[in-house]
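Heads up, the thing below is written out as structure tokens.
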Amino acid sequence: MLNASKMIIYEPDEIIIAEGGFDDKMFILLSGKIKVVKNKTWIATLEDAGELFGELSMLDGEARSAAVIAVEKSWCLAISLAFLNKLSSEERNACYAVLYSVLAKVIAERLKLANEELVVAQKELDYVRTQLVQQNKI
């Protein structure tokens, strides 16, 4: 897999992944800070070494669902999945098993975080609704 990897340095405001684009790469943030943007709306900031991004289109074969842009100078490891075509069927299946196991853990963690954020947002919405009802009673 290392033979299929390339370290790339991105400058601030440089597009790493274009929303709607197609390619076979996923990335690991080595250092720096990047942001994830969908429809020109900020979704997340990644700044921890080892964070994985760009994996969803690899899983579903669809266009990139969001853009990823460097916030500051960032070093990323780009992994092209084209190398799998050069492997034997047995080696390819073993690589897929490892990749899917890692990706399942990453996606599960992101889902947990999204659920926690949803609960907080729901509580805030309930509070605002209560305040509006009380204001209308006065």
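Residues in the structure tokens are named by chain (A, B, ... in the order shown) and by number from 1 within that chain; ligands are numbered from 1 in the order shown.
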Surrounding residues of Pro12 of chain A excluding itself and chain neighbours under 3 positions, 10 Å, only C-alpha atoms, as an MDAnalysis selection string:
chainID A and resid 9 15 32:34 69:74
Hey, can you spit out that residue selection with C-alpha atoms as a short mmCIF file (atom, residue, chain, number, x, y, z; two decimals), in the first residue's frame?
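again_10.cif, written as the output of this step:
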data_model
loop_
_atom_site.label_atom_id
_atom_site.label_comp_id
_atom_site.auth_asym_id
_atom_site.auth_seq_id
_atom_site.Cartn_x
_atom_site.Cartn_y
_atom_site.Cartn_z
CA ILE A 9 1.95 19.32 0.71
CA ILE A 15 -8.29 22.51 -2.76
CA GLY A 32 -1.70 20.80 9.32
CA LYS A 33 -5.34 21.81 9.34
CA ILE A 34 -8.04 21.25 6.73
CA ILE A 69 -9.55 22.64 1.58
CA ALA A 70 -6.28 23.32 3.39
CA VAL A 71 -6.70 25.93 6.14
CA GLU A 72 -2.96 26.09 6.78
CA LYS A 73 0.02 24.40 5.21
CA SER A 74 -0.86 20.70 5.43
#
Can you list every residue in chain A that DSSP puts in strand (DSSP E), as number ranges by chain?
A: 5-10, 15-17, 25-31, 34-38, 41-46, 52-53, 67-70, 74-80
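Omitting segment 45-52 of chain A and its sequence neighbours fewer than 6 positions away, and counting only C-alpha atoms, the residues within 7 Å are A:Phe27, A:Ile28, A:Leu29, A:Leu30, A:Ser31, A:Gly32, A:Lys33, A:Ile34, A:Lys35, A:Val36.
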Output of the above residues as a PDB file, in the first residue's frame, restricted to C-alpha atoms:
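To be explicit, this is the file written out as out.pdb:
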ATOM      1  CA  PHE A  27      -6.104  10.702   2.368  1.00  0.00           C
ATOM      2  CA  ILE A  28      -4.474  10.636   5.767  1.00  0.00           C
ATOM      3  CA  LEU A  29      -3.718  13.980   7.376  1.00  0.00           C
ATOM      4  CA  LEU A  30      -0.106  13.928   8.551  1.00  0.00           C
ATOM      5  CA  SER A  31       0.026  17.494   9.860  1.00  0.00           C
ATOM      6  CA  GLY A  32      -1.701  20.804   9.322  1.00  0.00           C
ATOM      7  CA  LYS A  33      -5.336  21.807   9.336  1.00  0.00           C
ATOM      8  CA  ILE A  34      -8.035  21.248   6.728  1.00  0.00           C
ATOM      9  CA  LYS A  35     -11.729  21.999   6.449  1.00  0.00           C
ATOM     10  CA  VAL A  36     -14.564  20.022   4.927  1.00  0.00           C
TER      11      VAL A  36
END
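Residues surrounding segment 92-102 of chain A within 12 Å are Met1, Met26, Glu51, Leu52, Glu55, Leu56, Met58, Leu59, Ile79, Leu81, Ala82, Phe83, Leu84, Asn85, Lys86, Leu87, Ser88, Val106, Ile107, Ala108 and Glu109 of chain A [only C-alpha atoms; sequence separation below 4 positions excluded].
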Restrict the selected residues to N, CA and C atoms and save them as a compact mmCIF listing (two decimals), in the first residue's frame.
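Listing of out.txt after writing:
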# COMPACT_ATOMS: atom_id res chain seq x y z
N MET A 1 0.83 -1.19 0.00
CA MET A 1 0.00 0.00 0.00
C MET A 1 0.88 1.26 0.00
N MET A 26 -7.91 8.21 -1.22
CA MET A 26 -8.30 8.62 0.11
C MET A 26 -7.05 9.20 0.74
N GLU A 51 -5.89 11.48 10.89
CA GLU A 51 -7.30 11.51 10.50
C GLU A 51 -7.43 11.15 9.02
N LEU A 52 -8.42 10.34 8.75
CA LEU A 52 -8.69 9.83 7.41
C LEU A 52 -9.79 10.68 6.78
N GLU A 55 -12.66 9.10 2.00
CA GLU A 55 -12.89 7.66 1.85
C GLU A 55 -14.29 7.32 1.34
N LEU A 56 -15.26 8.22 1.47
CA LEU A 56 -16.63 7.87 1.13
C LEU A 56 -16.82 7.53 -0.34
N MET A 58 -14.68 6.36 -2.29
CA MET A 58 -14.03 5.08 -2.54
C MET A 58 -15.00 3.94 -2.19
N LEU A 59 -15.79 4.14 -1.15
CA LEU A 59 -16.72 3.10 -0.72
C LEU A 59 -17.93 2.99 -1.64
N ILE A 79 -3.54 8.09 -0.89
CA ILE A 79 -3.45 6.67 -1.20
C ILE A 79 -4.37 6.38 -2.37
N LEU A 81 -6.15 3.83 -4.86
CA LEU A 81 -6.56 2.43 -4.80
C LEU A 81 -6.32 1.69 -6.11
N ALA A 82 -5.74 2.38 -7.09
CA ALA A 82 -5.43 1.73 -8.37
C ALA A 82 -4.46 0.57 -8.19
N PHE A 83 -3.66 0.62 -7.12
CA PHE A 83 -2.69 -0.45 -6.90
C PHE A 83 -3.37 -1.81 -6.70
N LEU A 84 -4.63 -1.80 -6.27
CA LEU A 84 -5.33 -3.07 -6.04
C LEU A 84 -5.47 -3.87 -7.33
N ASN A 85 -5.54 -3.18 -8.47
CA ASN A 85 -5.68 -3.88 -9.75
C ASN A 85 -4.44 -4.69 -10.10
N LYS A 86 -3.31 -4.36 -9.49
CA LYS A 86 -2.06 -5.06 -9.78
C LYS A 86 -1.86 -6.29 -8.88
N LEU A 87 -2.73 -6.45 -7.91
CA LEU A 87 -2.59 -7.56 -6.96
C LEU A 87 -3.34 -8.80 -7.44
N SER A 88 -2.95 -9.93 -6.91
CA SER A 88 -3.70 -11.15 -7.18
C SER A 88 -5.05 -11.04 -6.48
N VAL A 106 -13.71 4.04 11.46
CA VAL A 106 -13.72 5.49 11.27
C VAL A 106 -15.15 5.99 11.10
N ILE A 107 -15.92 5.32 10.28
CA ILE A 107 -17.30 5.75 10.02
C ILE A 107 -18.16 5.59 11.27
N ALA A 108 -17.96 4.52 12.03
CA ALA A 108 -18.71 4.32 13.27
C ALA A 108 -18.42 5.45 14.26
N GLU A 109 -17.16 5.85 14.37
CA GLU A 109 -16.80 6.95 15.27
C GLU A 109 -17.44 8.26 14.82
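Between atom CA of Ala67 of chain A and atom CA of Val37 of chain A the interatomic distance comes to 5.1 Å.
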Based on the backbone DSSP call, show me all residues of segment 1-135 of chain A assigned alpha helix (DSSP H), as a VMD selection string.
chain A and resid 56 to 60 89 to 135
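Here the question is which of A:Asn39, A:Ser80, A:Ser57, A:Gln122 gets nearest to Met7 of chain A using only C-alpha atoms, and that residue is A:Ser80.
Atom CA of Asp60 of chain A is found 13.3 Å from atom CA of Gly20 of chain A.
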Skip Gly21 of chain A itself and residues of its chain fewer than 6 positions away, then list as a compact mmCIF listing (two decimals) with C-alpha atoms, in the first residue's frame all residues within 9 Å of it, counting only C-alpha atoms.
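Produced file selection31.txt, reproduced below:
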# COMPACT_ATOMS: atom_id res chain seq x y z
CA GLU A 62 -20.06 8.20 -6.28
CA ALA A 63 -18.79 11.73 -6.87
CA ARG A 64 -17.07 13.49 -3.99
CA SER A 65 -19.79 14.56 -1.55
CA ALA A 67 -14.80 19.66 -0.79
For Glu14 of chain A, which of A:Gln131, A:Trp75, A:Val120, A:Glu90 is the closest residue, counting only C-alpha atoms?
A:Trp75
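Atom CA of Leu77 of chain A to atom CA of Lys6 of chain A spans 5.6 Å [interatomic distance, one decimal].
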